[in-house]
file run_34.pdb (PDB, C-alpha atoms)
MODEL        1
ATOM      1  CA  MET A  89     110.464 202.184  22.802
ATOM      2  CA  ILE A  90     112.672 200.122  25.084
ATOM      3  CA  ASN A  91     115.507 198.251  23.414
ATOM      4  CA  LYS A  92     115.061 194.614  24.428
ATOM      5  CA  ASN A  93     118.694 193.903  23.509
ATOM      6  CA  ILE A  94     119.938 195.974  26.471
ATOM      7  CA  ASN A  95     119.678 192.814  28.592
ATOM      8  CA  LEU A  96     121.959 190.835  26.318
ATOM      9  CA  PRO A  97     125.337 189.937  27.835
ATOM     10  CA  LEU A  98     128.744 191.057  26.604
ATOM     11  CA  ARG A  99     130.696 188.406  24.713
ATOM     12  CA  ARG A 100     134.029 187.337  26.243
ATOM     13  CA  GLY A 101     136.697 188.172  23.717
ATOM     14  CA  VAL A 102     140.363 188.717  23.026
ATOM     15  CA  GLY A 103     142.287 191.126  20.865
ATOM     16  CA  ILE A 104     145.825 190.732  19.596
ATOM     17  CA  VAL A 105     148.286 193.505  18.760
ATOM     18  CA  VAL A 106     150.820 191.933  16.403
ATOM     19  CA  LEU A 107     154.016 193.972  16.079
ATOM     20  CA  ASN A 108     156.666 193.243  13.466
ATOM     21  CA  GLN A 109     160.396 193.865  13.964
ATOM     22  CA  ASP A 110     159.887 197.562  13.087
ATOM     23  CA  ASN A 111     157.051 197.907  15.650
ATOM     24  CA  LYS A 112     154.487 198.271  12.871
ATOM     25  CA  VAL A 113     151.028 196.911  13.692
ATOM     26  CA  PHE A 114     149.209 194.199  11.748
ATOM     27  CA  VAL A 115     145.725 195.232  10.613
ATOM     28  CA  ALA A 116     143.273 193.537   8.278
ATOM     29  CA  LYS A 117     140.191 194.649   6.367
ATOM     30  CA  ARG A 118     136.982 192.733   7.121
ATOM     31  CA  ILE A 119     135.261 190.914   4.265
ATOM     32  CA  ASP A 120     131.812 191.837   5.596
ATOM     33  CA  ASN A 121     132.353 195.608   5.681
ATOM     34  CA  GLN A 122     132.675 197.344   2.324
ATOM     35  CA  LYS A 123     133.922 200.592   3.894
ATOM     36  CA  ASN A 124     137.611 201.228   4.470
ATOM     37  CA  PHE A 125     137.724 199.954   8.077
ATOM     38  CA  TRP A 126     140.596 197.859   9.376
ATOM     39  CA  GLN A 127     141.056 196.000  12.633
ATOM     40  CA  MET A 128     143.536 193.946  14.590
ATOM     41  CA  PRO A 129     142.877 190.210  15.007
ATOM     42  CA  GLN A 130     140.243 189.532  17.647
ATOM     43  CA  GLY A 131     137.595 187.002  18.516
ATOM     44  CA  GLY A 132     135.619 185.120  21.085
ATOM     45  CA  VAL A 133     136.788 183.001  23.978
ATOM     46  CA  ASP A 134     135.397 179.461  24.060
ATOM     47  CA  LYS A 135     133.841 178.026  27.214
ATOM     48  CA  ASP A 136     136.599 176.890  29.626
ATOM     49  CA  GLU A 137     139.309 178.477  27.413
ATOM     50  CA  ASP A 138     141.766 180.914  28.955
ATOM     51  CA  TYR A 139     142.352 184.284  27.340
ATOM     52  CA  LEU A 140     145.893 183.644  26.106
ATOM     53  CA  ALA A 141     144.976 180.305  24.511
ATOM     54  CA  ALA A 142     142.028 182.025  22.825
ATOM     55  CA  ALA A 143     144.308 184.813  21.549
ATOM     56  CA  TYR A 144     146.750 182.359  19.960
ATOM     57  CA  ARG A 145     143.883 180.305  18.487
ATOM     58  CA  GLU A 146     142.092 183.343  17.042
ATOM     59  CA  LEU A 147     145.331 184.740  15.630
ATOM     60  CA  GLU A 148     146.054 181.500  13.797
ATOM     61  CA  GLU A 149     142.445 181.011  12.644
ATOM     62  CA  GLU A 150     142.219 184.514  11.172
ATOM     63  CA  THR A 151     145.756 185.080   9.831
ATOM     64  CA  SER A 152     147.647 181.749   9.922
ATOM     65  CA  ILE A 153     150.186 183.524  12.165
ATOM     66  CA  LYS A 154     151.807 181.108  14.643
ATOM     67  CA  ASN A 155     155.352 182.386  14.918
ATOM     68  CA  VAL A 156     154.997 184.967  17.718
ATOM     69  CA  SER A 157     156.303 185.653  21.198
ATOM     70  CA  LEU A 158     154.238 187.267  23.939
ATOM     71  CA  ILE A 159     155.394 190.773  24.830
ATOM     72  CA  GLU A 160     152.698 191.672  27.335
ATOM     73  CA  GLU A 161     149.143 191.047  28.478
ATOM     74  CA  LEU A 162     147.440 194.431  28.810
ATOM     75  CA  ASP A 163     145.836 195.168  32.189
ATOM     76  CA  GLY A 164     142.104 194.922  32.576
ATOM     77  CA  LEU A 165     139.311 194.326  30.098
ATOM     78  CA  ILE A 166     138.059 196.779  27.492
ATOM     79  CA  SER A 167     134.460 196.604  26.343
ATOM     80  CA  TYR A 168     132.410 198.054  23.521
ATOM     81  CA  GLU A 169     128.718 198.049  22.633
ATOM     82  CA  LEU A 170     127.416 197.275  19.168
ATOM     83  CA  PRO A 171     125.526 200.043  17.383
ATOM     84  CA  LYS A 172     121.749 199.514  17.168
ATOM     85  CA  ASN A 173     121.873 198.511  13.483
ATOM     86  CA  LEU A 174     124.125 195.521  14.330
ATOM     87  CA  LEU A 175     122.305 194.355  17.481
ATOM     88  CA  GLY A 176     120.578 191.047  16.871
ATOM     89  CA  ILE A 177     122.684 190.415  13.749
ATOM     90  CA  ILE A 178     126.294 189.878  14.817
ATOM     91  CA  TRP A 179     127.061 186.752  16.910
ATOM     92  CA  LYS A 180     123.619 185.321  16.053
ATOM     93  CA  GLY A 181     122.035 188.056  18.173
ATOM     94  CA  LYS A 182     123.290 186.615  21.480
ATOM     95  CA  TYR A 183     125.402 189.598  22.644
ATOM     96  CA  ARG A 184     125.177 193.390  22.835
ATOM     97  CA  GLY A 185     128.945 193.890  22.552
ATOM     98  CA  GLN A 186     132.252 192.497  23.662
ATOM     99  CA  GLU A 187     134.495 192.602  26.709
ATOM    100  CA  GLN A 188     138.039 191.973  25.536
ATOM    101  CA  LYS A 189     141.386 191.012  27.039
ATOM    102  CA  TRP A 190     144.212 192.349  24.851
ATOM    103  CA  PHE A 191     147.668 190.889  24.234
ATOM    104  CA  VAL A 192     150.717 192.354  22.517
ATOM    105  CA  VAL A 193     152.876 189.874  20.582
ATOM    106  CA  ARG A 194     155.981 190.104  18.428
ATOM    107  CA  PHE A 195     155.738 188.494  14.986
ATOM    108  CA  LEU A 196     158.904 186.443  14.499
ATOM    109  CA  GLY A 197     158.154 185.033  11.072
ATOM    110  CA  LYS A 198     158.211 186.251   7.489
ATOM    111  CA  ASP A 199     155.321 188.092   5.844
ATOM    112  CA  SER A 200     154.942 185.140   3.466
ATOM    113  CA  GLU A 201     153.655 183.072   6.427
ATOM    114  CA  ILE A 202     150.638 185.355   6.799
ATOM    115  CA  ASN A 203     147.595 183.929   5.050
ATOM    116  CA  ILE A 204     144.127 185.468   5.461
ATOM    117  CA  LYS A 205     142.589 183.033   2.948
ATOM    118  CA  THR A 206     141.742 180.664   5.788
ATOM    119  CA  GLU A 207     139.054 177.967   6.074
ATOM    120  CA  TYR A 208     136.530 180.598   7.251
ATOM    121  CA  PRO A 209     138.033 183.867   6.009
ATOM    122  CA  GLU A 210     137.154 187.087   7.839
ATOM    123  CA  PHE A 211     139.518 189.423   5.983
ATOM    124  CA  CYS A 212     140.064 190.447   2.364
ATOM    125  CA  ASP A 213     143.320 192.377   2.810
ATOM    126  CA  TRP A 214     146.050 193.048   5.388
ATOM    127  CA  LYS A 215     148.980 195.416   5.941
ATOM    128  CA  TRP A 216     151.493 196.721   8.481
ATOM    129  CA  ILE A 217     150.853 200.285   9.710
ATOM    130  CA  ASP A 218     152.467 202.725  12.113
ATOM    131  CA  LEU A 219     150.982 202.522  15.609
ATOM    132  CA  GLU A 220     150.220 206.244  15.330
ATOM    133  CA  ASN A 221     147.771 205.565  12.457
ATOM    134  CA  LEU A 222     145.888 202.772  14.216
ATOM    135  CA  THR A 223     142.916 204.890  15.257
ATOM    136  CA  ASP A 224     142.503 206.425  11.773
ATOM    137  CA  LEU A 225     141.221 203.176  10.248
ATOM    138  CA  VAL A 226     138.870 201.657  12.814
ATOM    139  CA  VAL A 227     135.068 201.493  12.846
ATOM    140  CA  ASP A 228     133.647 204.219  15.129
ATOM    141  CA  PHE A 229     132.075 201.965  17.789
ATOM    142  CA  LYS A 230     135.505 200.406  18.495
ATOM    143  CA  LEU A 231     137.444 203.695  18.428
ATOM    144  CA  HIS A 232     137.721 204.053  22.237
ATOM    145  CA  VAL A 233     139.059 200.470  22.437
ATOM    146  CA  TYR A 234     141.764 201.188  19.871
ATOM    147  CA  GLU A 235     142.675 204.517  21.512
ATOM    148  CA  ASP A 236     143.147 202.741  24.848
ATOM    149  CA  VAL A 237     145.148 199.882  23.303
ATOM    150  CA  LYS A 238     147.291 202.318  21.272
ATOM    151  CA  LYS A 239     148.169 204.308  24.400
ATOM    152  CA  LYS A 240     149.176 201.153  26.297
ATOM    153  CA  VAL A 241     151.224 199.759  23.393
ATOM    154  CA  LYS A 242     153.043 203.101  23.025
ATOM    155  CA  GLU A 243     154.156 202.834  26.667
ATOM    156  CA  ILE A 244     155.426 199.292  26.044
ATOM    157  CA  ILE A 245     157.488 200.004  22.930
ATOM    158  CA  ASN A 246     158.933 203.382  24.012
TER
ENDMDL
END

call {"tool": "encode", "arguments": {"input": "run_34.pdb", "output": "structure tokens"}}
result
Amino acid sequence: MINKNINLPLRRGVGIVVLNQDNKVFVAKRIDNQKNFWQMPQGGVDKDEDYLAAAYRELEEETSIKNVSLIEELDGLISYELPKNLLGIIWKGKYRGQEQKWFVVRFLGKDSEINIKTEYPEFCDWKWIDLENLTDLVVDFKLHVYEDVKKKVKEIIN
């Protein structure tokens, strides 16, 4: 049987690596996944919105984090495909995966400024982790994305 979703486009997205003063990485646990998977803030890019503006908007929408400075925009785009069981469900069935532009930012605020209980919450918990542990917590279909991002961030902070 041919998968009709193969013709779906990739969604334009952004991902944000938020580093604190100790170079620990912000991760949050999704409300809609009961397993122990964590992710960095990420989301879609609106029509006519540039990637950096989308990254700042998504970061604030998901975490209330505003107090950051840009460290670096990672080269290129990284894409992933949704597993078959999520095709047609996530993003109202319009996309087969995402093509993301990633940014690394430094969090300049206090942890008390972080609030995941937003107007449309996506997360139920958050924490700071060592960069080394980033790929231990991620859902399998995004693993290659996080491995690539982790490698690039390591080069930046070392």

call {"tool": "resolve_selection", "arguments": {"input": "run_34.pdb", "expression": "the PyMOL selection byres ((chain A and resi 227) around 10)", "output": "number ranges by chain"}}
result
A: 121, 123-127, 223-226, 228-231, 234

call {"tool": "write_last_selection", "arguments": {"input": "run_34.pdb", "atoms": "C-alpha atoms", "output": "PDB file, in the frame of the given file"}}
result
ATOM      1  CA  ASN A 121     132.353 195.608   5.681  1.00  0.00           C
ATOM      2  CA  LYS A 123     133.922 200.592   3.894  1.00  0.00           C
ATOM      3  CA  ASN A 124     137.611 201.228   4.470  1.00  0.00           C
ATOM      4  CA  PHE A 125     137.724 199.954   8.077  1.00  0.00           C
ATOM      5  CA  TRP A 126     140.596 197.859   9.376  1.00  0.00           C
ATOM      6  CA  GLN A 127     141.056 196.000  12.633  1.00  0.00           C
ATOM      7  CA  THR A 223     142.916 204.890  15.257  1.00  0.00           C
ATOM      8  CA  ASP A 224     142.503 206.425  11.773  1.00  0.00           C
ATOM      9  CA  LEU A 225     141.221 203.176  10.248  1.00  0.00           C
ATOM     10  CA  VAL A 226     138.870 201.657  12.814  1.00  0.00           C
ATOM     11  CA  ASP A 228     133.647 204.219  15.129  1.00  0.00           C
ATOM     12  CA  PHE A 229     132.075 201.965  17.789  1.00  0.00           C
ATOM     13  CA  LYS A 230     135.505 200.406  18.495  1.00  0.00           C
ATOM     14  CA  LEU A 231     137.444 203.695  18.428  1.00  0.00           C
ATOM     15  CA  TYR A 234     141.764 201.188  19.871  1.00  0.00           C
TER      16      TYR A 234
END

call {"tool": "residues_around", "arguments": {"input": "run_34.pdb", "residues": "range 210-217 of chain A", "least_positions_apart": "2", "cutoff": "7 Å", "atoms": "all atoms listed in the file", "output": "list of chain:residue names"}}
result
A:Lys112, A:Val113, A:Phe114, A:Val115, A:Ala116, A:Lys117, A:Arg118, A:Ile119, A:Glu150, A:Ile204, A:Tyr208, A:Leu219, A:Asn221

call {"tool": "closest_residue", "arguments": {"input": "run_34.pdb", "among": "A:Phe195, A:Tyr139, A:Trp179, A:Tyr144", "to": "Leu162 in chain A", "atoms": "only C-alpha atoms"}}
result
A:Tyr139

call {"tool": "residues_around", "arguments": {"input": "run_34.pdb", "residues": "Gln130 in chain A", "least_positions_apart": "2", "cutoff": "7 Å", "atoms": "only C-alpha atoms", "output": "list in words"}}
result
Val102, Gly103, Ile104, Met128 and Glu146 of chain A

call {"tool": "resolve_selection", "arguments": {"input": "run_34.pdb", "expression": "the PyMOL selection byres ((chain A and resi 206) around 8)", "output": "list in words"}}
result
Glu149, Glu150, Thr151, Ser152, Asn203, Ile204, Lys205, Glu207, Tyr208 and Pro209 of chain A

call {"tool": "build_atoms", "arguments": {"input": "run_34.pdb", "residues": "range 220-245 of chain A", "atoms": "N, CA and C atoms", "output": "PDB file, in the frame of the given file"}}
result
ATOM      1  N   GLU A 220     150.850 204.917  15.293  1.00  0.00           N
ATOM      2  CA  GLU A 220     150.220 206.244  15.330  1.00  0.00           C
ATOM      3  C   GLU A 220     148.952 206.297  14.470  1.00  0.00           C
ATOM      4  N   ASN A 221     148.913 205.520  13.387  1.00  0.00           N
ATOM      5  CA  ASN A 221     147.771 205.565  12.457  1.00  0.00           C
ATOM      6  C   ASN A 221     146.658 204.581  12.806  1.00  0.00           C
ATOM      7  N   LEU A 222     146.829 203.828  13.866  1.00  0.00           N
ATOM      8  CA  LEU A 222     145.888 202.772  14.216  1.00  0.00           C
ATOM      9  C   LEU A 222     144.452 203.272  14.359  1.00  0.00           C
ATOM     10  N   THR A 223     144.270 204.406  14.995  1.00  0.00           N
ATOM     11  CA  THR A 223     142.916 204.890  15.257  1.00  0.00           C
ATOM     12  C   THR A 223     142.293 205.616  14.059  1.00  0.00           C
ATOM     13  N   ASP A 224     143.042 205.776  12.973  1.00  0.00           N
ATOM     14  CA  ASP A 224     142.503 206.425  11.773  1.00  0.00           C
ATOM     15  C   ASP A 224     141.657 205.468  10.931  1.00  0.00           C
ATOM     16  N   LEU A 225     141.780 204.172  11.165  1.00  0.00           N
ATOM     17  CA  LEU A 225     141.221 203.176  10.248  1.00  0.00           C
ATOM     18  C   LEU A 225     140.089 202.341  10.835  1.00  0.00           C
ATOM     19  N   VAL A 226     139.761 202.570  12.095  1.00  0.00           N
ATOM     20  CA  VAL A 226     138.870 201.657  12.814  1.00  0.00           C
ATOM     21  C   VAL A 226     137.409 202.136  12.761  1.00  0.00           C
ATOM     22  N   VAL A 227     136.495 201.191  12.807  1.00  0.00           N
ATOM     23  CA  VAL A 227     135.068 201.493  12.846  1.00  0.00           C
ATOM     24  C   VAL A 227     134.767 202.303  14.122  1.00  0.00           C
ATOM     25  N   ASP A 228     133.841 203.253  14.037  1.00  0.00           N
ATOM     26  CA  ASP A 228     133.647 204.219  15.129  1.00  0.00           C
ATOM     27  C   ASP A 228     133.282 203.601  16.478  1.00  0.00           C
ATOM     28  N   PHE A 229     132.487 202.515  16.489  1.00  0.00           N
ATOM     29  CA  PHE A 229     132.075 201.965  17.789  1.00  0.00           C
ATOM     30  C   PHE A 229     133.200 201.225  18.519  1.00  0.00           C
ATOM     31  N   LYS A 230     134.345 201.008  17.832  1.00  0.00           N
ATOM     32  CA  LYS A 230     135.505 200.406  18.495  1.00  0.00           C
ATOM     33  C   LYS A 230     136.623 201.431  18.717  1.00  0.00           C
ATOM     34  N   LEU A 231     136.393 202.677  18.365  1.00  0.00           N
ATOM     35  CA  LEU A 231     137.444 203.695  18.428  1.00  0.00           C
ATOM     36  C   LEU A 231     138.039 203.825  19.825  1.00  0.00           C
ATOM     37  N   HIS A 232     137.198 203.891  20.862  1.00  0.00           N
ATOM     38  CA  HIS A 232     137.721 204.053  22.237  1.00  0.00           C
ATOM     39  C   HIS A 232     138.582 202.859  22.644  1.00  0.00           C
ATOM     40  N   VAL A 233     138.260 201.662  22.147  1.00  0.00           N
ATOM     41  CA  VAL A 233     139.059 200.470  22.437  1.00  0.00           C
ATOM     42  C   VAL A 233     140.455 200.642  21.841  1.00  0.00           C
ATOM     43  N   TYR A 234     140.490 201.052  20.572  1.00  0.00           N
ATOM     44  CA  TYR A 234     141.764 201.188  19.871  1.00  0.00           C
ATOM     45  C   TYR A 234     142.596 202.348  20.417  1.00  0.00           C
ATOM     46  N   GLU A 235     141.929 203.412  20.879  1.00  0.00           N
ATOM     47  CA  GLU A 235     142.675 204.517  21.512  1.00  0.00           C
ATOM     48  C   GLU A 235     143.350 204.039  22.794  1.00  0.00           C
ATOM     49  N   ASP A 236     142.614 203.272  23.590  1.00  0.00           N
ATOM     50  CA  ASP A 236     143.147 202.741  24.848  1.00  0.00           C
ATOM     51  C   ASP A 236     144.312 201.778  24.578  1.00  0.00           C
ATOM     52  N   VAL A 237     144.109 200.854  23.643  1.00  0.00           N
ATOM     53  CA  VAL A 237     145.148 199.882  23.303  1.00  0.00           C
ATOM     54  C   VAL A 237     146.381 200.603  22.750  1.00  0.00           C
ATOM     55  N   LYS A 238     146.175 201.572  21.871  1.00  0.00           N
ATOM     56  CA  LYS A 238     147.291 202.318  21.272  1.00  0.00           C
ATOM     57  C   LYS A 238     148.135 203.003  22.352  1.00  0.00           C
ATOM     58  N   LYS A 239     147.459 203.624  23.303  1.00  0.00           N
ATOM     59  CA  LYS A 239     148.169 204.308  24.400  1.00  0.00           C
ATOM     60  C   LYS A 239     149.027 203.319  25.194  1.00  0.00           C
ATOM     61  N   LYS A 240     148.454 202.164  25.512  1.00  0.00           N
ATOM     62  CA  LYS A 240     149.176 201.153  26.297  1.00  0.00           C
ATOM     63  C   LYS A 240     150.354 200.561  25.511  1.00  0.00           C
ATOM     64  N   VAL A 241     150.156 200.327  24.215  1.00  0.00           N
ATOM     65  CA  VAL A 241     151.224 199.759  23.393  1.00  0.00           C
ATOM     66  C   VAL A 241     152.369 200.764  23.248  1.00  0.00           C
ATOM     67  N   LYS A 242     152.019 202.037  23.116  1.00  0.00           N
ATOM     68  CA  LYS A 242     153.043 203.101  23.025  1.00  0.00           C
ATOM     69  C   LYS A 242     153.963 203.071  24.239  1.00  0.00           C
ATOM     70  N   GLU A 243     153.360 202.890  25.425  1.00  0.00           N
ATOM     71  CA  GLU A 243     154.156 202.834  26.667  1.00  0.00           C
ATOM     72  C   GLU A 243     155.080 201.621  26.652  1.00  0.00           C
ATOM     73  N   ILE A 244     154.631 200.519  26.071  1.00  0.00           N
ATOM     74  CA  ILE A 244     155.426 199.292  26.044  1.00  0.00           C
ATOM     75  C   ILE A 244     156.628 199.434  25.110  1.00  0.00           C
ATOM     76  N   ILE A 245     156.415 200.003  23.928  1.00  0.00           N
ATOM     77  CA  ILE A 245     157.488 200.004  22.930  1.00  0.00           C
ATOM     78  C   ILE A 245     158.423 201.221  23.044  1.00  0.00           C
TER      79      ILE A 245
END
